[in-house]
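Q: Structure file model_12.pdb (PDB, C-alpha atoms, pLDDT in the B column) right here:
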ATOM      1  CA  ASP A   1      28.851   4.100  56.609  1.00 59.00           C
ATOM      2  CA  ARG A   2      31.974   2.482  55.253  1.00 71.00           C
ATOM      3  CA  ARG A   3      35.234   3.554  56.806  1.00 76.00           C
ATOM      4  CA  PRO A   4      37.934   5.145  54.634  1.00 83.00           C
ATOM      5  CA  VAL A   5      40.702   3.034  53.149  1.00 81.00           C
ATOM      6  CA  PHE A   6      44.056   3.832  51.578  1.00 75.00           C
ATOM      7  CA  TRP A   7      46.360   2.275  49.009  1.00 78.00           C
ATOM      8  CA  TYR A   8      49.973   2.500  47.956  1.00 80.00           C
ATOM      9  CA  ARG A   9      50.855   4.488  44.879  1.00 83.00           C
ATOM     10  CA  LYS A  10      54.395   3.354  44.225  1.00 84.00           C
ATOM     11  CA  ARG A  11      54.905   0.261  42.138  1.00 85.00           C
ATOM     12  CA  ASP A  12      57.684  -1.149  44.378  1.00 84.00           C
ATOM     13  CA  GLU A  13      55.488  -0.811  47.481  1.00 81.00           C
ATOM     14  CA  VAL A  14      52.638  -2.617  45.752  1.00 82.00           C
ATOM     15  CA  GLU A  15      54.942  -5.463  44.682  1.00 86.00           C
ATOM     16  CA  VAL A  16      56.319  -5.847  48.227  1.00 82.00           C
ATOM     17  CA  LEU A  17      52.756  -5.689  49.590  1.00 79.00           C
ATOM     18  CA  TYR A  18      51.692  -8.585  47.378  1.00 81.00           C
ATOM     19  CA  ALA A  19      54.838 -10.542  48.342  1.00 87.00           C
ATOM     20  CA  ASP A  20      54.763  -9.943  52.152  1.00 84.00           C
ATOM     21  CA  TYR A  21      52.880  -7.008  53.635  1.00 80.00           C
ATOM     22  CA  TYR A  22      54.707  -7.424  56.973  1.00 83.00           C
ATOM     23  CA  VAL A  23      58.040  -6.607  55.275  1.00 85.00           C
ATOM     24  CA  LEU A  24      56.454  -3.524  53.705  1.00 79.00           C
ATOM     25  CA  VAL A  25      55.141  -2.318  57.078  1.00 82.00           C
ATOM     26  CA  GLU A  26      58.535  -2.954  58.641  1.00 84.00           C
ATOM     27  CA  ARG A  27      60.312  -1.026  55.884  1.00 81.00           C
ATOM     28  CA  LEU A  28      57.914   1.891  56.311  1.00 82.00           C
ATOM     29  CA  GLY A  29      58.678   1.983  60.037  1.00 85.00           C
ATOM     30  CA  PHE A  30      55.260   0.696  61.070  1.00 82.00           C
ATOM     31  CA  SER A  31      53.639   3.864  59.760  1.00 81.00           C
ATOM     32  CA  PRO A  32      50.851   3.117  59.471  1.00 84.00           C
ATOM     33  CA  ALA A  33      50.777   0.389  62.092  1.00 87.00           C
ATOM     34  CA  LEU A  34      50.537  -3.295  61.233  1.00 84.00           C
ATOM     35  CA  HIS A  35      46.951  -3.740  62.476  1.00 84.00           C
ATOM     36  CA  VAL A  36      45.867  -0.675  60.482  1.00 87.00           C
ATOM     37  CA  VAL A  37      47.376  -2.136  57.321  1.00 86.00           C
ATOM     38  CA  GLU A  38      45.745  -5.507  58.007  1.00 87.00           C
ATOM     39  CA  GLU A  39      42.333  -3.932  58.615  1.00 88.00           C
ATOM     40  CA  ASN A  40      42.769  -1.838  55.477  1.00 85.00           C
ATOM     41  CA  ILE A  41      43.610  -4.926  53.423  1.00 87.00           C
ATOM     42  CA  LYS A  42      40.658  -6.816  54.889  1.00 88.00           C
ATOM     43  CA  GLU A  43      38.301  -3.944  54.098  1.00 87.00           C
ATOM     44  CA  ILE A  44      39.598  -3.679  50.544  1.00 87.00           C
ATOM     45  CA  ALA A  45      39.320  -7.444  50.068  1.00 89.00           C
ATOM     46  CA  LYS A  46      35.770  -7.352  51.457  1.00 89.00           C
ATOM     47  CA  ARG A  47      34.796  -4.532  49.105  1.00 89.00           C
ATOM     48  CA  ILE A  48      36.304  -6.394  46.148  1.00 89.00           C
ATOM     49  CA  THR A  49      34.400  -9.536  47.121  1.00 92.00           C
ATOM     50  CA  ASP A  50      31.162  -7.586  47.521  1.00 90.00           C
ATOM     51  CA  ARG A  51      31.695  -5.894  44.176  1.00 92.00           C
ATOM     52  CA  GLU A  52      32.391  -9.202  42.451  1.00 94.00           C
ATOM     53  CA  ALA A  53      29.258 -10.676  44.049  1.00 94.00           C
ATOM     54  CA  GLU A  54      27.227  -7.686  42.934  1.00 94.00           C
ATOM     55  CA  LEU A  55      28.533  -7.921  39.373  1.00 95.00           C
ATOM     56  CA  ALA A  56      28.007 -11.671  39.335  1.00 95.00           C
ATOM     57  CA  THR A  57      24.439 -11.120  40.560  1.00 94.00           C
ATOM     58  CA  ARG A  58      23.819  -8.621  37.756  1.00 94.00           C
ATOM     59  CA  VAL A  59      25.247 -10.984  35.151  1.00 95.00           C
ATOM     60  CA  GLN A  60      23.139 -13.830  36.494  1.00 94.00           C
ATOM     61  CA  SER A  61      20.054 -11.595  36.538  1.00 93.00           C
ATOM     62  CA  ARG A  62      20.622 -10.554  32.935  1.00 93.00           C
ATOM     63  CA  TRP A  63      21.214 -14.134  31.866  1.00 93.00           C
ATOM     64  CA  ARG A  64      18.126 -15.369  33.692  1.00 93.00           C
ATOM     65  CA  ALA A  65      16.105 -12.597  32.037  1.00 93.00           C
ATOM     66  CA  VAL A  66      17.378 -13.690  28.600  1.00 93.00           C
ATOM     67  CA  VAL A  67      16.616 -17.334  29.357  1.00 93.00           C
ATOM     68  CA  VAL A  68      13.164 -16.488  30.725  1.00 93.00           C
ATOM     69  CA  ARG A  69      12.320 -14.354  27.697  1.00 92.00           C
ATOM     70  CA  ARG A  70      13.370 -17.144  25.363  1.00 92.00           C
ATOM     71  CA  PHE A  71      11.426 -19.674  27.349  1.00 92.00           C
ATOM     72  CA  TYR A  72       8.425 -17.362  27.500  1.00 92.00           C
ATOM     73  CA  GLY A  73       8.533 -16.902  23.737  1.00 92.00           C
ATOM     74  CA  VAL A  74       8.610 -20.671  23.233  1.00 92.00           C
ATOM     75  CA  PHE A  75       5.828 -21.005  25.808  1.00 92.00           C
ATOM     76  CA  LEU A  76       3.643 -18.460  24.014  1.00 92.00           C
ATOM     77  CA  ARG A  77       4.168 -20.182  20.678  1.00 91.00           C
ATOM     78  CA  GLU A  78       3.236 -23.502  22.221  1.00 91.00           C
ATOM     79  CA  VAL A  79       0.177 -21.965  23.828  1.00 91.00           C
ATOM     80  CA  VAL A  80      -0.910 -20.542  20.484  1.00 89.00           C
ATOM     81  CA  ARG A  81      -0.279 -23.872  18.770  1.00 88.00           C
ATOM     82  CA  MET A  82      -2.277 -25.777  21.383  1.00 87.00           C
ATOM     83  CA  ARG A  83      -5.052 -23.216  21.142  1.00 84.00           C
ATOM     84  CA  GLU A  84      -5.147 -23.584  17.364  1.00 84.00           C
ATOM     85  CA  ILE A  85      -5.321 -27.358  17.732  1.00 85.00           C
ATOM     86  CA  ASN A  86      -8.076 -27.108  20.331  1.00 82.00           C
ATOM     87  CA  VAL A  87     -10.184 -24.604  18.384  1.00 83.00           C
ATOM     88  CA  ALA A  88      -9.585 -26.042  14.909  1.00 85.00           C
ATOM     89  CA  GLU A  89     -13.026 -27.669  14.950  1.00 82.00           C
ATOM     90  CA  ILE A  90     -14.605 -24.450  16.192  1.00 84.00           C
ATOM     91  CA  TYR A  91     -12.974 -22.598  13.297  1.00 83.00           C
ATOM     92  CA  GLU A  92     -14.371 -25.190  10.898  1.00 86.00           C
ATOM     93  CA  ILE A  93     -17.880 -24.765  12.338  1.00 88.00           C
ATOM     94  CA  GLN A  94     -17.568 -20.989  12.108  1.00 88.00           C
ATOM     95  CA  ARG A  95     -16.387 -21.247   8.507  1.00 89.00           C
ATOM     96  CA  VAL A  96     -19.339 -23.437   7.564  1.00 92.00           C
ATOM     97  CA  TYR A  97     -21.758 -21.132   9.403  1.00 92.00           C
ATOM     98  CA  ARG A  98     -20.370 -18.017   7.727  1.00 93.00           C
ATOM     99  CA  GLY A  99     -20.618 -19.754   4.357  1.00 93.00           C
ATOM    100  CA  TRP A 100     -24.248 -20.636   5.042  1.00 93.00           C
ATOM    101  CA  LEU A 101     -25.004 -17.044   6.058  1.00 93.00           C
ATOM    102  CA  GLY A 102     -23.332 -15.740   2.916  1.00 93.00           C
ATOM    103  CA  ARG A 103     -25.263 -18.123   0.670  1.00 93.00           C
ATOM    104  CA  ARG A 104     -28.552 -17.235   2.375  1.00 93.00           C
ATOM    105  CA  TYR A 105     -27.826 -13.512   1.961  1.00 93.00           C
ATOM    106  CA  CYS A 106     -26.934 -13.970  -1.710  1.00 93.00           C
ATOM    107  CA  ARG A 107     -30.123 -16.006  -2.229  1.00 93.00           C
ATOM    108  CA  ARG A 108     -32.198 -13.233  -0.661  1.00 92.00           C
ATOM    109  CA  VAL A 109     -30.517 -10.603  -2.809  1.00 93.00           C
ATOM    110  CA  PHE A 110     -31.039 -12.715  -5.947  1.00 93.00           C
ATOM    111  CA  LEU A 111     -34.719 -13.331  -5.127  1.00 93.00           C
ATOM    112  CA  LYS A 112     -35.299  -9.655  -4.375  1.00 92.00           C
ATOM    113  CA  ARG A 113     -33.661  -8.695  -7.657  1.00 92.00           C
ATOM    114  CA  GLU A 114     -35.797 -11.210  -9.530  1.00 92.00           C
ATOM    115  CA  ARG A 115     -38.967  -9.976  -7.796  1.00 92.00           C
ATOM    116  CA  ASP A 116     -38.114  -6.380  -8.653  1.00 92.00           C
ATOM    117  CA  LEU A 117     -37.460  -7.335 -12.276  1.00 92.00           C
ATOM    118  CA  VAL A 118     -40.734  -9.268 -12.529  1.00 92.00           C
ATOM    119  CA  MET A 119     -42.606  -6.396 -10.872  1.00 93.00           C
ATOM    120  CA  ARG A 120     -41.113  -3.857 -13.278  1.00 91.00           C
ATOM    121  CA  LYS A 121     -42.048  -6.030 -16.241  1.00 92.00           C
ATOM    122  CA  TYR A 122     -45.555  -6.496 -14.860  1.00 92.00           C
ATOM    123  CA  VAL A 123     -46.030  -2.772 -14.244  1.00 91.00           C
ATOM    124  CA  HIS A 124     -44.744  -1.962 -17.739  1.00 91.00           C
ATOM    125  CA  ARG A 125     -47.006  -4.545 -19.356  1.00 91.00           C
ATOM    126  CA  ALA A 126     -49.987  -3.387 -17.292  1.00 90.00           C
ATOM    127  CA  ARG A 127     -49.309   0.224 -18.266  1.00 89.00           C
ATOM    128  CA  VAL A 128     -49.024  -0.709 -21.950  1.00 89.00           C
ATOM    129  CA  GLU A 129     -52.253  -2.734 -21.813  1.00 89.00           C
ATOM    130  CA  MET A 130     -54.038   0.069 -19.986  1.00 89.00           C
ATOM    131  CA  GLU A 131     -52.858   2.596 -22.585  1.00 85.00           C
ATOM    132  CA  ARG A 132     -54.000   0.278 -25.365  1.00 85.00           C
ATOM    133  CA  GLU A 133     -57.389  -0.124 -23.714  1.00 87.00           C
ATOM    134  CA  ILE A 134     -57.719   3.647 -23.280  1.00 84.00           C
ATOM    135  CA  ILE A 135     -56.760   4.240 -26.903  1.00 82.00           C
ATOM    136  CA  SER A 136     -59.191   1.530 -28.035  1.00 83.00           C
ATOM    137  CA  ARG A 137     -61.991   3.108 -26.042  1.00 82.00           C
ATOM    138  CA  LYS A 138     -61.241   6.546 -27.421  1.00 78.00           C
ATOM    139  CA  LYS A 139     -61.146   5.144 -30.957  1.00 80.00           C
ATOM    140  CA  ASP A 140     -64.489   3.460 -30.417  1.00 80.00           C
ATOM    141  CA  ALA A 141     -65.891   6.662 -28.948  1.00 79.00           C
ATOM    142  CA  LEU A 142     -64.518   8.701 -31.860  1.00 74.00           C
ATOM    143  CA  LYS A 143     -65.965   6.227 -34.341  1.00 78.00           C
ATOM    144  CA  ALA A 144     -69.335   6.435 -32.606  1.00 78.00           C
ATOM    145  CA  PHE A 145     -69.245  10.216 -32.712  1.00 72.00           C
ATOM    146  CA  TYR A 146     -68.312  10.097 -36.411  1.00 74.00           C
ATOM    147  CA  VAL A 147     -71.299   7.822 -37.100  1.00 75.00           C
ATOM    148  CA  LYS A 148     -73.573  10.036 -35.026  1.00 75.00           C
ATOM    149  CA  GLU A 149     -72.292  13.171 -36.747  1.00 74.00           C
ATOM    150  CA  ARG A 150     -72.759  11.575 -40.129  1.00 72.00           C
ATOM    151  CA  SER A 151     -76.325  10.580 -39.232  1.00 75.00           C
ATOM    152  CA  GLU A 152     -77.066  14.101 -38.002  1.00 70.00           C
ATOM    153  CA  GLU A 153     -75.632  15.561 -41.216  1.00 71.00           C
ATOM    154  CA  MET A 154     -77.785  13.302 -43.368  1.00 72.00           C
ATOM    155  CA  SER A 155     -80.882  14.071 -41.302  1.00 74.00           C
ATOM    156  CA  ALA A 156     -80.219  17.815 -41.481  1.00 70.00           C
ATOM    157  CA  ARG A 157     -79.635  17.612 -45.230  1.00 68.00           C
ATOM    158  CA  TYR A 158     -82.748  15.524 -45.897  1.00 68.00           C
ATOM    159  CA  LEU A 159     -84.863  17.858 -43.790  1.00 68.00           C
ATOM    160  CA  GLY A 160     -83.516  20.885 -45.644  1.00 65.00           C
ATOM    161  CA  LEU A 161     -81.810  22.402 -42.624  1.00 65.00           C
ATOM    162  CA  VAL A 162     -78.466  22.425 -44.393  1.00 61.00           C
ATOM    163  CA  ASN A 163     -78.233  23.563 -47.997  1.00 59.00           C
ATOM    164  CA  VAL A 164     -75.073  22.608 -49.838  1.00 57.00           C
ATOM    165  CA  ARG A 165     -75.826  25.108 -52.631  1.00 56.00           C
ATOM    166  CA  ASP A 166     -77.143  28.647 -52.573  1.00 44.00           C
ATOM    167  CA  SER A 167     -80.792  29.613 -52.781  1.00 40.00           C
ATOM    168  CA  GLY A 168     -80.674  29.565 -56.562  1.00 41.00           C
ATOM    169  CA  GLY A 169     -79.181  26.102 -56.591  1.00 40.00           C
ATOM    170  CA  VAL A 170     -76.477  27.059 -59.057  1.00 38.00           C
ATOM    171  CA  VAL A 171     -73.377  28.230 -57.194  1.00 38.00           C
ATOM    172  CA  PRO A 172     -72.039  25.783 -54.557  1.00 44.00           C
ATOM    173  CA  VAL A 173     -71.763  27.426 -51.229  1.00 45.00           C
ATOM    174  CA  GLU A 174     -69.185  24.900 -49.904  1.00 46.00           C
ATOM    175  CA  ASP A 175     -68.002  23.456 -53.203  1.00 51.00           C
ATOM    176  CA  GLY A 176     -70.438  20.576 -52.774  1.00 52.00           C
ATOM    177  CA  LYS A 177     -68.797  19.350 -49.511  1.00 61.00           C
ATOM    178  CA  LYS A 178     -71.636  18.074 -47.379  1.00 58.00           C
ATOM    179  CA  MET A 179     -69.770  17.741 -44.057  1.00 62.00           C
ATOM    180  CA  LYS A 180     -68.148  21.133 -44.446  1.00 63.00           C
ATOM    181  CA  ALA A 181     -71.543  22.699 -45.025  1.00 61.00           C
ATOM    182  CA  PHE A 182     -72.930  20.859 -42.027  1.00 58.00           C
ATOM    183  CA  MET A 183     -70.008  21.951 -39.796  1.00 62.00           C
ATOM    184  CA  ASN A 184     -70.604  25.580 -40.774  1.00 62.00           C
ATOM    185  CA  SER A 185     -74.277  25.243 -39.909  1.00 60.00           C
ATOM    186  CA  PRO A 186     -75.672  25.999 -36.434  1.00 58.00           C
ATOM    187  CA  TYR A 187     -76.599  22.309 -36.023  1.00 54.00           C
ATOM    188  CA  ALA A 188     -73.000  21.011 -35.824  1.00 61.00           C
ATOM    189  CA  SER A 189     -70.954  20.454 -32.600  1.00 62.00           C
ATOM    190  CA  ASP A 190     -67.251  20.295 -31.670  1.00 62.00           C
ATOM    191  CA  THR A 191     -67.477  16.911 -29.967  1.00 64.00           C
ATOM    192  CA  VAL A 192     -65.697  15.000 -32.730  1.00 59.00           C
ATOM    193  CA  ARG A 193     -62.864  17.541 -32.930  1.00 63.00           C
ATOM    194  CA  VAL A 194     -62.369  17.500 -29.149  1.00 65.00           C
ATOM    195  CA  VAL A 195     -62.345  13.696 -28.984  1.00 64.00           C
ATOM    196  CA  SER A 196     -59.985  13.500 -31.982  1.00 67.00           C
ATOM    197  CA  CYS A 197     -57.528  15.943 -30.362  1.00 69.00           C
ATOM    198  CA  ASP A 198     -57.670  14.010 -27.104  1.00 68.00           C
ATOM    199  CA  LEU A 199     -56.882  10.779 -28.976  1.00 61.00           C
ATOM    200  CA  MET A 200     -53.918  12.358 -30.743  1.00 67.00           C
ATOM    201  CA  LYS A 201     -52.533  13.616 -27.433  1.00 66.00           C
ATOM    202  CA  THR A 202     -52.839  10.113 -26.004  1.00 65.00           C
ATOM    203  CA  LEU A 203     -51.022   8.596 -28.997  1.00 62.00           C
ATOM    204  CA  LEU A 204     -48.216  11.123 -28.781  1.00 61.00           C
TER     205      LEU A 204
END
Give the structure from the file, written as structure tokens.
A:
Amino acid sequence: DRRPVFWYRKRDEVEVLYADYYVLVERLGFSPALHVVEENIKEIAKRITDREAELATRVQSRWRAVVVRRFYGVFLREVVRMREINVAEIYEIQRVYRGWLGRRYCRRVFLKRERDLVMRKYVHRARVEMEREIISRKKDALKAFYVKERSEEMSARYLGLVNVRDSGGVVPVEDGKKMKAFMNSPYASDTVRVVSCDLMKTLL
């Protein structure tokens, strides 16, 4: 614990104290005593010195902190610069590698797109050819049925199973239409009509 100190409040006493403290003590009648005044002055001087040292230490600490921060900033920039110089070749290798990966990916995408396009064209062409083949078969089948039906009509007419005119042979029963008479006879079939409808559905 620091001991208590005192100080003079009057301006004249302070001026005499700075000039010669012994004269001030003598004028005050040695109250307080000379050794008390000397110890008081020593204590005050010591506190002032300690305070100045403390403030100087703070100023130096702040200044060192500023200097260190500046130096550290320069140091970090130099570290980054040296790192960039050291890894410049690595960056170049990475750039080339990434470019190669990108080109390979684009090539794969392009090839896949081309394959899909070729496959779509192939499927479309195959479907068209298959439809044409189906239609051709149905046409051939329809033609064969027409020929067969025509042959059956002629055979039925020659054998007298289908009579185009009435029993008297004067009034046409079907206006002289041979196929119409044959279709109305019990010897006809619906095969040609069914195949023809199926073909039309396929075409539409």
Q: List the residues selected by the PyMOL selection byres ((chain A and resi 6) around 9) in the file shown, writing them as a list in words.
A: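 In the shown coordinates, the PyMOL selection byres ((chain A and resi 6) around 9) covers Pro4, Val5, Trp7, Tyr8, Val37, Asn40, Ile41 and Ile44 of chain A.
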Q: Next, write the just-selected residues to a file, as a PDB file, in the frame of the given file, keeping C-alpha atoms as the atom set.
A:
ATOM      1  CA  PRO A   4      37.934   5.145  54.634  1.00 83.00           C
ATOM      2  CA  VAL A   5      40.702   3.034  53.149  1.00 81.00           C
ATOM      3  CA  TRP A   7      46.360   2.275  49.009  1.00 78.00           C
ATOM      4  CA  TYR A   8      49.973   2.500  47.956  1.00 80.00           C
ATOM      5  CA  VAL A  37      47.376  -2.136  57.321  1.00 86.00           C
ATOM      6  CA  ASN A  40      42.769  -1.838  55.477  1.00 85.00           C
ATOM      7  CA  ILE A  41      43.610  -4.926  53.423  1.00 87.00           C
ATOM      8  CA  ILE A  44      39.598  -3.679  50.544  1.00 87.00           C
TER       9      ILE A  44
END
Q: Report as a list in words all protein, DNA and RNA residues lying within 12 Å of Val16 (chain A), evaluated on all atoms listed in the file, omitting residues in the same chain fewer than 5 positions from it.
A: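 Residues near the query, excluding close chain neighbours: Tyr8, Lys10, Arg11, Tyr21, Tyr22, Val23, Leu24, Val25, Glu26, Arg27 and Leu28 of chain A.
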Q: In Å, how far is it from CA of Ala53 (chain A) to CA of Arg70 (chain A)?
A: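 Between these atoms lies a distance of 25.4 Å.
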Q: Nearest residue to Arg2 (chain A) out of A:Arg115, A:Glu43, A:Leu34, A:Ala19, using only C-alpha atoms?
A: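 For Arg2 (chain A), the nearest of the candidates is A:Glu43.
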